[in-house]
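Next up, upload_34.cif (mmCIF, C-alpha atoms):
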```
data_data
loop_
_atom_site.label_atom_id
_atom_site.label_comp_id
_atom_site.auth_asym_id
_atom_site.auth_seq_id
_atom_site.Cartn_x
_atom_site.Cartn_y
_atom_site.Cartn_z
CA MET M 1 9.63 -65.29 12.90
CA LYS M 2 9.22 -65.34 9.14
CA LEU M 3 6.86 -62.37 9.31
CA LYS M 4 9.45 -60.44 11.31
CA GLU M 5 12.07 -61.08 8.62
CA ILE M 6 9.70 -59.90 5.91
CA THR M 7 8.98 -56.76 7.90
CA ILE M 8 12.68 -55.98 8.29
CA ASN M 9 13.24 -56.59 4.58
CA LEU M 10 10.39 -54.28 3.60
CA ILE M 11 11.66 -51.51 5.86
CA PHE M 12 15.15 -51.95 4.38
CA ILE M 13 13.75 -51.70 0.84
CA ALA M 14 11.76 -48.59 1.78
CA LEU M 15 14.81 -46.88 3.26
CA LEU M 16 16.89 -47.86 0.22
CA SER M 17 14.21 -46.33 -2.02
CA CYS M 18 14.45 -43.09 -0.06
CA PHE M 19 18.22 -43.07 -0.52
CA VAL M 20 17.98 -43.72 -4.29
CA LEU M 21 15.35 -40.98 -4.72
CA SER M 22 17.54 -38.51 -2.85
CA ALA M 23 20.66 -39.45 -4.79
CA ASN M 24 18.93 -39.01 -8.15
CA THR M 25 17.99 -35.40 -7.40
CA THR M 26 21.45 -34.16 -6.47
CA PRO M 27 22.57 -31.79 -9.24
CA PRO M 28 25.75 -32.85 -11.02
CA ILE M 29 28.82 -30.68 -10.80
CA SER M 30 29.88 -28.94 -13.99
CA SER M 31 33.31 -29.70 -15.36
CA GLU M 32 33.17 -26.82 -17.84
CA PRO M 33 35.68 -24.07 -17.15
CA TYR M 34 34.30 -20.74 -15.91
CA THR M 35 30.71 -21.98 -16.05
CA GLY M 36 28.79 -20.99 -12.95
CA LEU M 37 27.37 -18.21 -10.83
CA TYR M 38 29.55 -15.36 -9.65
CA TYR M 39 28.57 -13.04 -6.81
CA VAL M 40 30.01 -9.67 -7.79
CA HIS M 41 30.15 -6.34 -5.99
CA GLY M 42 31.64 -2.94 -6.59
CA SER M 43 30.89 0.54 -7.83
CA LYS M 44 28.42 1.88 -10.32
CA VAL M 45 28.92 5.48 -11.39
CA MET M 46 26.25 7.14 -13.50
CA THR M 47 27.07 10.43 -15.21
CA PHE M 48 24.16 12.12 -16.90
CA TYR M 49 22.61 15.33 -18.17
CA THR M 50 18.97 16.28 -17.86
CA CYS M 51 18.79 17.16 -21.53
CA PRO M 52 18.33 14.64 -24.33
CA PHE M 53 21.28 15.71 -26.52
CA ILE M 54 24.63 17.08 -25.37
CA GLU M 55 24.50 19.81 -28.06
CA THR M 56 21.43 21.33 -26.47
CA CYS M 57 22.56 21.12 -22.85
CA THR M 58 23.09 24.21 -20.72
CA PRO M 59 25.26 24.37 -17.57
CA ASP M 60 22.11 23.79 -15.51
CA ASP M 61 21.62 20.43 -17.24
CA GLY M 62 24.65 18.85 -15.66
CA PRO M 63 26.67 16.76 -15.66
CA PHE M 64 25.31 15.08 -12.55
CA ILE M 65 27.08 12.14 -11.00
CA ASP M 66 25.33 9.40 -9.05
CA THR M 67 27.63 6.89 -7.37
CA THR M 68 26.39 3.71 -5.74
CA ARG M 69 27.83 0.43 -4.61
CA ILE M 70 26.03 -2.58 -5.95
CA ALA M 71 26.04 -6.35 -5.76
CA SER M 72 24.75 -8.76 -8.35
CA VAL M 73 24.84 -12.39 -9.39
CA VAL M 74 26.25 -12.97 -12.87
CA ALA M 75 25.98 -16.31 -14.62
CA VAL M 76 28.72 -17.35 -17.01
CA LYS M 77 28.55 -20.22 -19.49
CA TRP M 78 31.57 -21.48 -21.35
CA MET M 79 30.51 -22.29 -24.89
CA GLU M 80 31.62 -25.83 -25.54
CA GLU M 81 30.91 -25.53 -29.25
CA LYS M 82 32.79 -22.24 -29.47
CA THR M 83 35.52 -22.32 -26.87
CA ASP M 84 36.68 -18.75 -27.36
CA THR M 85 33.28 -17.43 -26.28
CA LEU M 86 31.58 -16.88 -22.94
CA HIS M 87 27.86 -16.34 -22.51
CA PHE M 88 26.87 -13.93 -19.74
CA PHE M 89 23.49 -13.66 -18.08
CA GLY M 90 22.48 -11.09 -15.48
CA LEU M 91 25.25 -8.68 -16.35
CA PRO M 92 24.63 -5.23 -14.83
CA GLY M 93 24.39 -2.65 -17.57
CA ALA M 94 23.94 -5.21 -20.34
CA ASP M 95 20.86 -7.36 -19.74
CA GLU M 96 20.23 -6.26 -16.16
CA GLY M 97 19.48 -2.85 -14.76
CA GLU M 98 16.87 -0.26 -14.04
CA MET M 99 14.95 2.50 -15.75
CA LYS M 100 13.91 5.51 -13.75
CA ILE M 101 12.51 8.98 -14.13
CA TYR M 102 14.79 11.61 -12.60
CA PHE M 103 13.66 15.08 -11.63
CA GLY M 104 10.16 14.42 -12.85
CA ASP M 105 10.79 14.03 -16.56
CA THR M 106 14.27 12.81 -17.41
CA GLU M 107 14.25 9.14 -18.25
CA LEU M 108 17.40 7.26 -17.33
CA THR M 109 18.09 3.71 -18.35
CA ASP M 110 21.26 2.06 -17.18
CA PHE M 111 21.08 -1.10 -19.23
CA VAL M 112 20.97 -2.07 -22.85
CA PHE M 113 18.06 -4.48 -23.03
CA SER M 114 14.78 -4.74 -21.20
CA LEU M 115 13.03 -7.82 -22.37
CA GLY M 116 10.36 -9.78 -20.61
CA ARG M 117 10.71 -12.65 -23.10
CA TYR M 118 14.45 -13.16 -22.93
CA ASP M 119 14.68 -16.28 -25.07
CA VAL M 120 12.72 -14.88 -27.97
CA PHE M 121 15.41 -12.46 -29.06
CA ASP M 122 18.82 -13.89 -29.80
CA HIS M 123 20.35 -10.43 -29.88
CA SER M 124 19.56 -10.00 -26.21
CA ARG M 125 22.13 -12.62 -25.32
CA VAL M 126 25.40 -11.19 -24.09
CA PHE M 127 28.57 -12.84 -25.32
CA GLY M 128 32.20 -12.09 -24.69
CA ALA M 129 35.38 -13.03 -26.52
CA HIS M 130 37.64 -15.04 -24.29
CA SER M 131 41.34 -15.88 -24.33
CA ASN M 132 43.86 -16.74 -21.61
CA ASN M 133 41.55 -15.93 -18.70
CA LYS M 134 40.75 -12.53 -20.18
CA PHE M 135 37.51 -11.53 -21.81
CA GLU M 136 36.08 -8.63 -23.74
CA ILE M 137 32.44 -7.75 -24.33
CA ASN M 138 31.03 -5.50 -27.03
CA HIS M 139 27.29 -5.55 -26.84
CA ASN M 140 25.39 -3.00 -28.88
CA ASN M 141 22.05 -2.23 -30.36
CA THR M 142 20.98 0.77 -32.41
CA SER M 143 21.41 3.38 -29.70
CA ASN M 144 23.06 1.65 -26.76
CA ARG M 145 26.61 0.53 -26.35
CA TYR M 146 28.07 -1.72 -23.71
CA LYS M 147 31.80 -2.39 -23.57
CA GLY M 148 33.62 -4.35 -20.93
CA ILE M 149 36.95 -6.01 -20.27
CA GLY M 150 37.89 -8.34 -17.46
CA THR M 151 39.63 -11.41 -16.16
CA ILE M 152 38.02 -14.67 -15.14
CA SER M 153 39.14 -17.91 -13.56
CA ASN M 154 37.27 -20.83 -12.10
CA ARG M 155 37.25 -18.99 -8.78
CA ASN M 156 37.16 -15.26 -9.51
CA ILE M 157 35.93 -12.64 -11.90
CA GLU M 158 36.84 -8.99 -12.21
CA PHE M 159 35.69 -6.56 -14.85
CA ASN M 160 35.25 -2.96 -15.81
CA ALA M 161 32.43 -2.00 -18.13
CA GLN M 162 30.88 1.10 -19.55
CA ARG M 163 27.41 1.57 -20.89
CA THR M 164 26.53 4.65 -22.95
CA PHE M 165 23.23 5.93 -24.23
CA LYS M 166 22.71 9.51 -25.45
CA THR M 167 23.91 11.71 -22.59
CA ILE M 168 24.08 8.93 -20.03
CA THR M 169 27.25 7.04 -19.17
CA VAL M 170 27.35 4.32 -16.55
CA GLU M 171 30.61 2.79 -15.44
CA TYR M 172 30.80 -0.50 -13.55
CA ASP M 173 33.81 -1.74 -11.63
CA LEU M 174 32.99 -5.16 -10.22
CA ILE M 175 34.81 -8.05 -8.60
CA GLY M 176 33.59 -11.36 -7.26
CA GLU M 177 33.87 -15.05 -6.61
CA ARG M 178 32.28 -18.10 -8.18
CA ILE M 179 29.64 -19.34 -5.79
CA HIS M 180 27.93 -22.10 -7.72
CA THR M 181 28.71 -24.44 -10.58
CA LEU M 182 25.99 -25.35 -13.04
CA ASP M 183 24.98 -28.67 -14.48
CA MET B 1 -3.46 -58.67 10.95
CA LYS B 2 0.32 -58.37 11.36
CA LYS B 3 0.67 -58.66 7.60
CA TYR B 4 -1.57 -55.64 7.03
CA CYS B 5 0.30 -53.65 9.66
CA THR B 6 3.56 -54.45 7.91
CA ILE B 7 2.24 -53.28 4.53
CA ALA B 8 0.78 -50.13 6.06
CA LEU B 9 4.07 -49.38 7.82
CA THR B 10 6.02 -49.79 4.56
CA VAL B 11 3.62 -47.57 2.64
CA MET B 12 3.89 -44.88 5.33
CA ILE B 13 7.69 -44.96 5.22
CA VAL B 14 7.80 -44.70 1.43
CA ALA B 15 5.16 -41.96 1.44
CA GLY B 16 7.21 -40.04 3.97
CA CYS B 17 10.15 -39.69 1.60
CA VAL B 18 8.17 -38.87 -1.54
CA ASP B 19 6.45 -35.50 -2.04
CA SER B 20 3.00 -35.21 -3.49
CA GLU B 21 4.70 -34.16 -6.74
CA PRO B 22 7.52 -36.21 -8.25
CA ALA B 23 10.93 -34.87 -7.27
CA GLU B 24 11.82 -34.45 -10.95
CA ILE B 25 8.94 -32.01 -11.50
CA ILE B 26 9.77 -30.04 -8.36
CA GLU B 27 13.40 -29.84 -9.42
CA ARG B 28 12.43 -28.43 -12.83
CA ARG B 29 11.40 -25.23 -11.05
CA SER B 30 15.08 -24.72 -10.32
CA GLY B 31 17.00 -22.64 -12.79
CA PHE B 32 17.40 -19.15 -14.20
CA TYR B 33 14.60 -16.65 -14.39
CA TYR B 34 14.54 -13.26 -16.05
CA LEU B 35 12.45 -10.95 -13.89
CA SER B 36 11.11 -7.50 -14.57
CA GLY B 37 8.55 -5.14 -13.13
CA PRO B 38 8.04 -1.96 -11.14
CA ARG B 39 10.02 -1.02 -8.09
CA ILE B 40 8.44 1.66 -5.92
CA THR B 41 10.59 3.39 -3.33
CA VAL B 42 9.01 5.39 -0.51
CA GLU B 43 11.16 7.40 1.90
CA ASP B 44 10.87 10.60 3.91
CA SER B 45 13.63 12.45 2.08
CA CYS B 46 13.43 11.29 -1.51
CA PHE B 47 16.27 12.86 -3.52
CA HIS B 48 15.23 11.59 -6.95
CA CYS B 49 11.48 12.04 -6.51
CA ALA B 50 9.52 14.63 -8.40
CA GLU B 51 8.79 17.77 -6.39
CA GLY B 52 6.11 17.21 -3.77
CA GLU B 53 6.23 13.42 -4.07
CA ASP B 54 7.65 10.91 -1.64
CA SER B 55 7.77 7.90 -3.92
CA LEU B 56 9.90 6.96 -6.89
CA ARG B 57 8.65 4.51 -9.48
CA GLU B 58 11.21 2.65 -11.54
CA SER B 59 11.31 -0.41 -13.77
CA VAL B 60 13.85 -3.07 -12.96
CA THR B 61 15.09 -6.12 -14.79
CA PHE B 62 17.41 -8.70 -13.33
CA SER B 63 18.32 -12.37 -13.42
CA LEU B 64 17.48 -14.73 -10.59
CA PHE B 65 18.74 -18.22 -9.95
CA VAL B 66 16.32 -20.43 -8.03
CA GLN B 67 17.35 -23.71 -6.46
CA VAL B 68 14.55 -25.85 -5.10
CA ASP B 69 15.41 -28.66 -2.73
CA PRO B 70 13.28 -31.58 -3.96
CA ASN B 71 13.51 -33.28 -0.58
CA SER B 72 12.20 -30.45 1.58
CA GLU B 73 10.27 -27.18 1.44
CA ARG B 74 13.47 -25.18 1.22
CA VAL B 75 14.26 -22.97 -1.75
CA GLN B 76 17.34 -20.81 -2.21
CA PHE B 77 17.52 -17.60 -4.25
CA TYR B 78 20.67 -16.14 -5.78
CA GLY B 79 20.48 -12.58 -7.07
CA LEU B 80 17.26 -11.42 -5.46
CA GLN B 81 17.28 -7.65 -5.59
CA GLY B 82 16.55 -6.16 -2.17
CA ALA B 83 17.77 -9.30 -0.43
CA ASP B 84 21.29 -10.35 -1.44
CA THR B 85 21.84 -8.00 -4.39
CA GLY B 86 21.03 -4.47 -5.49
CA ASP B 87 22.18 -1.11 -4.18
CA LEU B 88 24.31 -1.17 -1.04
CA ASP B 89 21.85 0.68 1.19
CA ARG B 90 18.79 -1.04 -0.24
CA ARG B 91 19.27 -4.69 0.56
CA VAL B 92 19.03 -6.89 3.64
CA TYR B 93 22.77 -7.53 3.77
CA PRO B 94 24.30 -4.13 2.91
CA ASP B 95 27.93 -5.06 3.50
CA CYS B 96 27.82 -8.46 1.91
CA THR B 97 30.71 -9.18 -0.45
CA ARG B 98 30.64 -12.97 -0.18
CA SER B 99 27.52 -14.84 -1.13
CA SER B 100 27.96 -17.30 1.74
CA ASP B 101 27.45 -14.36 4.14
CA CYS B 102 24.07 -13.46 2.64
CA GLU B 103 22.29 -16.65 1.64
CA ILE B 104 18.59 -16.20 0.92
CA PHE B 105 16.26 -19.03 1.76
CA GLY B 106 12.51 -19.35 1.54
CA THR B 107 9.90 -22.03 1.79
CA ILE B 108 8.08 -23.47 -1.21
CA GLN B 109 4.99 -25.61 -1.32
CA PRO B 110 4.61 -28.59 -3.66
CA GLY B 111 2.22 -26.51 -5.79
CA GLY B 112 4.88 -23.83 -6.33
CA ALA B 113 3.78 -21.08 -3.92
CA PHE B 114 6.74 -19.71 -1.99
CA GLU B 115 7.45 -17.26 0.82
CA ILE B 116 10.53 -15.40 1.97
CA ASP B 117 10.93 -13.57 5.28
CA ILE B 118 14.44 -12.52 6.28
CA GLU B 119 15.75 -9.89 8.65
CA ASN B 120 19.22 -8.54 9.38
CA ASN B 121 19.88 -5.67 11.82
CA GLY B 122 16.59 -3.96 11.04
CA HIS B 123 16.77 -4.61 7.29
CA ARG B 124 13.85 -6.80 6.30
CA TYR B 125 12.74 -8.48 3.10
CA GLN B 126 9.39 -10.22 2.82
CA ALA B 127 7.98 -11.77 -0.32
CA ALA B 128 5.33 -14.10 -1.57
CA GLY B 129 5.16 -15.60 -5.01
CA SER B 130 4.62 -18.59 -7.17
CA ILE B 131 6.41 -20.69 -9.76
CA TRP B 132 4.22 -22.53 -12.22
CA ARG B 133 4.40 -24.24 -15.59
CA SER B 134 4.30 -21.58 -18.29
CA GLU B 135 1.64 -21.49 -20.96
CA PHE B 136 3.99 -19.53 -23.20
CA GLY B 137 7.41 -20.19 -24.60
CA PRO B 138 9.15 -23.52 -24.88
CA GLU B 139 7.34 -26.52 -23.48
CA GLY B 140 8.15 -27.37 -19.91
CA ARG B 141 9.38 -23.89 -19.09
CA TYR B 142 8.22 -22.28 -15.85
CA SER B 143 7.02 -18.78 -15.01
CA ILE B 144 7.49 -16.87 -11.79
CA GLU B 145 5.76 -13.99 -10.04
CA LEU B 146 6.96 -12.31 -6.90
CA GLN B 147 5.63 -9.50 -4.74
CA GLY B 148 8.28 -8.39 -2.29
CA GLN B 149 9.07 -5.57 0.08
CA TYR B 150 12.37 -4.38 1.47
CA SER B 151 12.09 -2.13 4.53
CA TYR B 152 14.51 -0.32 6.81
CA GLU B 153 13.55 2.49 9.19
CA ASP B 154 11.58 5.04 7.14
CA LEU B 155 12.48 3.46 3.79
CA SER B 156 10.36 0.88 2.01
CA ILE B 157 10.76 -0.54 -1.47
CA ASP B 158 8.03 -2.61 -3.09
CA TYR B 159 8.64 -5.01 -5.96
CA ASP B 160 6.00 -6.45 -8.24
CA LEU B 161 7.87 -8.80 -10.52
CA GLU B 162 7.17 -11.47 -13.05
CA GLY B 163 9.32 -13.44 -15.41
CA GLU B 164 10.05 -16.64 -17.19
CA GLN B 165 12.56 -19.39 -16.91
CA VAL B 166 15.52 -18.95 -19.22
CA SER B 167 17.52 -21.73 -20.78
CA PHE B 168 20.72 -19.64 -20.65
CA THR B 169 22.41 -21.80 -23.28
CA LEU B 170 22.06 -21.78 -27.04
CA GLU B 171 19.36 -24.15 -28.23
#
```
Entire entry expressed as structure tokens:
Amino acid sequence: MKLKEITINLIFIALLSCFVLSANTTPPISSEPYTGLYYVHGSKVMTFYTCPFIETCTPDDGPFIDTTRIASVVAVKWMEEKTDTLHFFGLPGADEGEMKIYFGDTELTDFVFSLGRYDVFDHSRVFGAHSNNKFEINHNNTSNRYKGIGTISNRNIEFNAQRTFKTITVEYDLIGERIHTLD
Amino acid sequence: MKKYCTIALTVMIVAGCVDSEPAEIIERRSGFYYLSGPRITVEDSCFHCAEGEDSLRESVTFSLFVQVDPNSERVQFYGLQGADTGDLDRRVYPDCTRSSDCEIFGTIQPGGAFEIDIENNGHRYQAAGSIWRSEFGPEGRYSIELQGQYSYEDLSIDYDLEGEQVSFTLE
């Protein structure tokens, strides 16, 4: 009888251990405003010439227009230590995009930074000024320019952005919902 | 004899709810990754390809959020190009506008090797990869590699990606 009680107690302790282990690994919910993942979708319109400088272009060099509909996941972090600032990660045209060779020799890049080691370079981080659910991004380096304006709430995000580089202009019109909070 | 059986039974129950790696370590694989690498598109009528070629080679860079379930082999990916994100006609869920309609799950082993195999109306994405503790960058950071393929009818897109975990916040 005593052995049976010990057995039941041990099984109870084992099951309790399982419960505690499971509970400890549940990610906490963020209470920070705007912070989280947003699934966005919309249009991406690339206007480009097949010549490197607009001054040297001929009518045969364009403009060409390539329109696609895209989806992406953008992470947003509200900066607790600087509450008028939002940090963006995975923003199409800014730190996310593609580089391709068109028509055999024209190189087209639709984003500002291409860095394998993201954390090494502070200037690769994309920040936006934020006030009253509106935000504005100006993200530049020596030859690229990314400008965007939008609105954000704890549920939705909507923004229009333009990225320019030499004779390439890419315009993004994206809208989406927050799908995940972050710890 | 009964005593030994009791101990053995308890050990088996506890072992059943604990992975071979501590849950904390498995959970550290979750987080943001910054991926880059070549994307090779092969299709019968390739508009952007050079004359006489049927493949287009591009370089892509994108963010990926990985969420590993420490209590099972399940792993979820948010922002996986060719699966839930990317160009409309080049992903498994072309019409997806809500993430809950295009959730991407895979299986991951305790050692970090993972696999993805999803299909939707003829659109298919298969991938194999690994997440492991990085030798570079900040201590405790993880690296990822992923070889994936999206396919639909006569179109196939191969990805060969690698990247590192990103803190995403100022340090």
**Q.** Closest of M:Val126, M:Ile54, M:Leu182, M:Ala71 to chain B - atom-to-atom distances counting only C-alpha atoms
**A.** M:Ala71
(Q) Between atom CA of Glu32 of chain M and atom CA of Lys134 of chain M, what is the distance in Å, rounded to a tenth? (A)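 These two atoms are separated by 16.3 Å.
In terms of minimum interatomic distance to Leu91 of chain M, B:Gly79 ranks closest within B:Pro38, B:Gly31, B:Gly148, B:Gly79, counting only C-alpha atoms.
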Q | Selection dump of the PyMOL selection byres ((chain B and resi 107) around 8), as an NGL selection string | A | :B and (73-75 or 105-106 or 108-109 or 114-116)
Q) Please, what distance in Å, to one decimal, runs between atom CA of Leu88 of chain B and atom CA of Glu153 of chain B? A)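 So the two atoms, atom CA of Leu88 of chain B and atom CA of Glu153 of chain B, lie 15.3 Å apart.
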Give as a compact mmCIF listing (two decimals) with C-alpha atoms, keeping the file's coordinate frame every residue, naming chains and numbers as the document does, that has an atom within 10 Å of (32.8, -19.7, -14.6), counting all atoms listed in the file.
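File written: out.txt
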```txt
# COMPACT_ATOMS: atom_id res chain seq x y z
CA SER M 30 29.88 -28.94 -13.99
CA GLU M 32 33.17 -26.82 -17.84
CA PRO M 33 35.68 -24.07 -17.15
CA TYR M 34 34.30 -20.74 -15.91
CA THR M 35 30.71 -21.98 -16.05
CA GLY M 36 28.79 -20.99 -12.95
CA LEU M 37 27.37 -18.21 -10.83
CA TYR M 38 29.55 -15.36 -9.65
CA VAL M 74 26.25 -12.97 -12.87
CA ALA M 75 25.98 -16.31 -14.62
CA VAL M 76 28.72 -17.35 -17.01
CA LYS M 77 28.55 -20.22 -19.49
CA TRP M 78 31.57 -21.48 -21.35
CA LEU M 86 31.58 -16.88 -22.94
CA HIS M 87 27.86 -16.34 -22.51
CA PHE M 88 26.87 -13.93 -19.74
CA ILE M 152 38.02 -14.67 -15.14
CA SER M 153 39.14 -17.91 -13.56
CA ASN M 154 37.27 -20.83 -12.10
CA ARG M 155 37.25 -18.99 -8.78
CA ASN M 156 37.16 -15.26 -9.51
CA ILE M 157 35.93 -12.64 -11.90
CA GLU M 177 33.87 -15.05 -6.61
CA ARG M 178 32.28 -18.10 -8.18
CA ILE M 179 29.64 -19.34 -5.79
CA HIS M 180 27.93 -22.10 -7.72
CA THR M 181 28.71 -24.44 -10.58
CA LEU M 182 25.99 -25.35 -13.04
```
Q. Applied to this file, what does the PyMOL selection byres ((chain B and resi 41) around 10) return in terms of residues, put as a PyMOL selection string?
A. chain B and resi 38-40+42-43+46+49+54-58+90+149-151+155-159
Now that the selection is made, can you save its residues with C-alpha atoms as an mmCIF file, in the frame of the given file?
```cif
data_model
loop_
_atom_site.group_PDB
_atom_site.id
_atom_site.type_symbol
_atom_site.label_atom_id
_atom_site.label_comp_id
_atom_site.auth_asym_id
_atom_site.auth_seq_id
_atom_site.Cartn_x
_atom_site.Cartn_y
_atom_site.Cartn_z
ATOM 1 C CA PRO B 38 8.040 -1.960 -11.140
ATOM 2 C CA ARG B 39 10.020 -1.020 -8.090
ATOM 3 C CA ILE B 40 8.440 1.660 -5.920
ATOM 4 C CA VAL B 42 9.010 5.390 -0.510
ATOM 5 C CA GLU B 43 11.160 7.400 1.900
ATOM 6 C CA CYS B 46 13.430 11.290 -1.510
ATOM 7 C CA CYS B 49 11.480 12.040 -6.510
ATOM 8 C CA ASP B 54 7.650 10.910 -1.640
ATOM 9 C CA SER B 55 7.770 7.900 -3.920
ATOM 10 C CA LEU B 56 9.900 6.960 -6.890
ATOM 11 C CA ARG B 57 8.650 4.510 -9.480
ATOM 12 C CA GLU B 58 11.210 2.650 -11.540
ATOM 13 C CA ARG B 90 18.790 -1.040 -0.240
ATOM 14 C CA GLN B 149 9.070 -5.570 0.080
ATOM 15 C CA TYR B 150 12.370 -4.380 1.470
ATOM 16 C CA SER B 151 12.090 -2.130 4.530
ATOM 17 C CA LEU B 155 12.480 3.460 3.790
ATOM 18 C CA SER B 156 10.360 0.880 2.010
ATOM 19 C CA ILE B 157 10.760 -0.540 -1.470
ATOM 20 C CA ASP B 158 8.030 -2.610 -3.090
ATOM 21 C CA TYR B 159 8.640 -5.010 -5.960
#
```
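With only C-alpha atoms as the atoms that count, the minimum distance from Glu103 of chain B to the choices B:Gln76, B:Glu145, B:Asn121, B:Ala127 is reached by B:Gln76.
Listed by chain and then by number, the residues chosen by the PyMOL selection byres ((chain M and resi 131) around 10) in this file are Thr83, Asp84, Thr85, Leu86, Gly128, Ala129, His130, Asn132, Asn133, Lys134, Phe135, Glu136, Thr151 and Ile152 of chain M.
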Please write the residues from the selection above to a file, keeping C-alpha atoms, as a CSV table (one decimal), in the frame of the given file.
```csv
chain,number,residue,atom,x,y,z
M,83,THR,CA,35.5,-22.3,-26.9
M,84,ASP,CA,36.7,-18.8,-27.4
M,85,THR,CA,33.3,-17.4,-26.3
M,86,LEU,CA,31.6,-16.9,-22.9
M,128,GLY,CA,32.2,-12.1,-24.7
M,129,ALA,CA,35.4,-13.0,-26.5
M,130,HIS,CA,37.6,-15.0,-24.3
M,132,ASN,CA,43.9,-16.7,-21.6
M,133,ASN,CA,41.6,-15.9,-18.7
M,134,LYS,CA,40.8,-12.5,-20.2
M,135,PHE,CA,37.5,-11.5,-21.8
M,136,GLU,CA,36.1,-8.6,-23.7
M,151,THR,CA,39.6,-11.4,-16.2
M,152,ILE,CA,38.0,-14.7,-15.1
```
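Each of M:Asn138, M:Thr167, M:Ser72, M:Thr109 was checked against chain B using only C-alpha atoms; the smallest atom-to-atom distance is that of M:Ser72.
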Q. How far is it from atom CA of Leu80 of chain B to atom CA of Ser167 of chain B, in Å with one decimal?
A.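 Taking atom CA of Leu80 of chain B and atom CA of Ser167 of chain B, their separation equals 18.5 Å.
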Q. Pick from B:Gln126, B:Ser45, B:Ser72, B:Ser99: nearest to chain M, with all atoms listed in the file counted?
A. B:Ser99
Q.
For a quick check of understanding, using all atoms listed in the file, which of M:Phe127, M:Phe89, M:Phe48, M:Tyr146 has the smallest distance to chain B?
A. M:Phe89
Q) Skipping near chain neighbours, those fewer than 4 positions away, what residues fall within 7 Å of Thr61 of chain B using all atoms listed in the file, listed as a PyMOL selection string? A) (chain M and resi 96-98+114) or (chain B and resi 35-37)
Q) Could you pull the residues within 8 Å of Ile104 of chain B, counting only C-alpha atoms, minus those fewer than 5 positions along the same chain, as a ChimeraX atom specification? A) /B:76-78,83-84,118
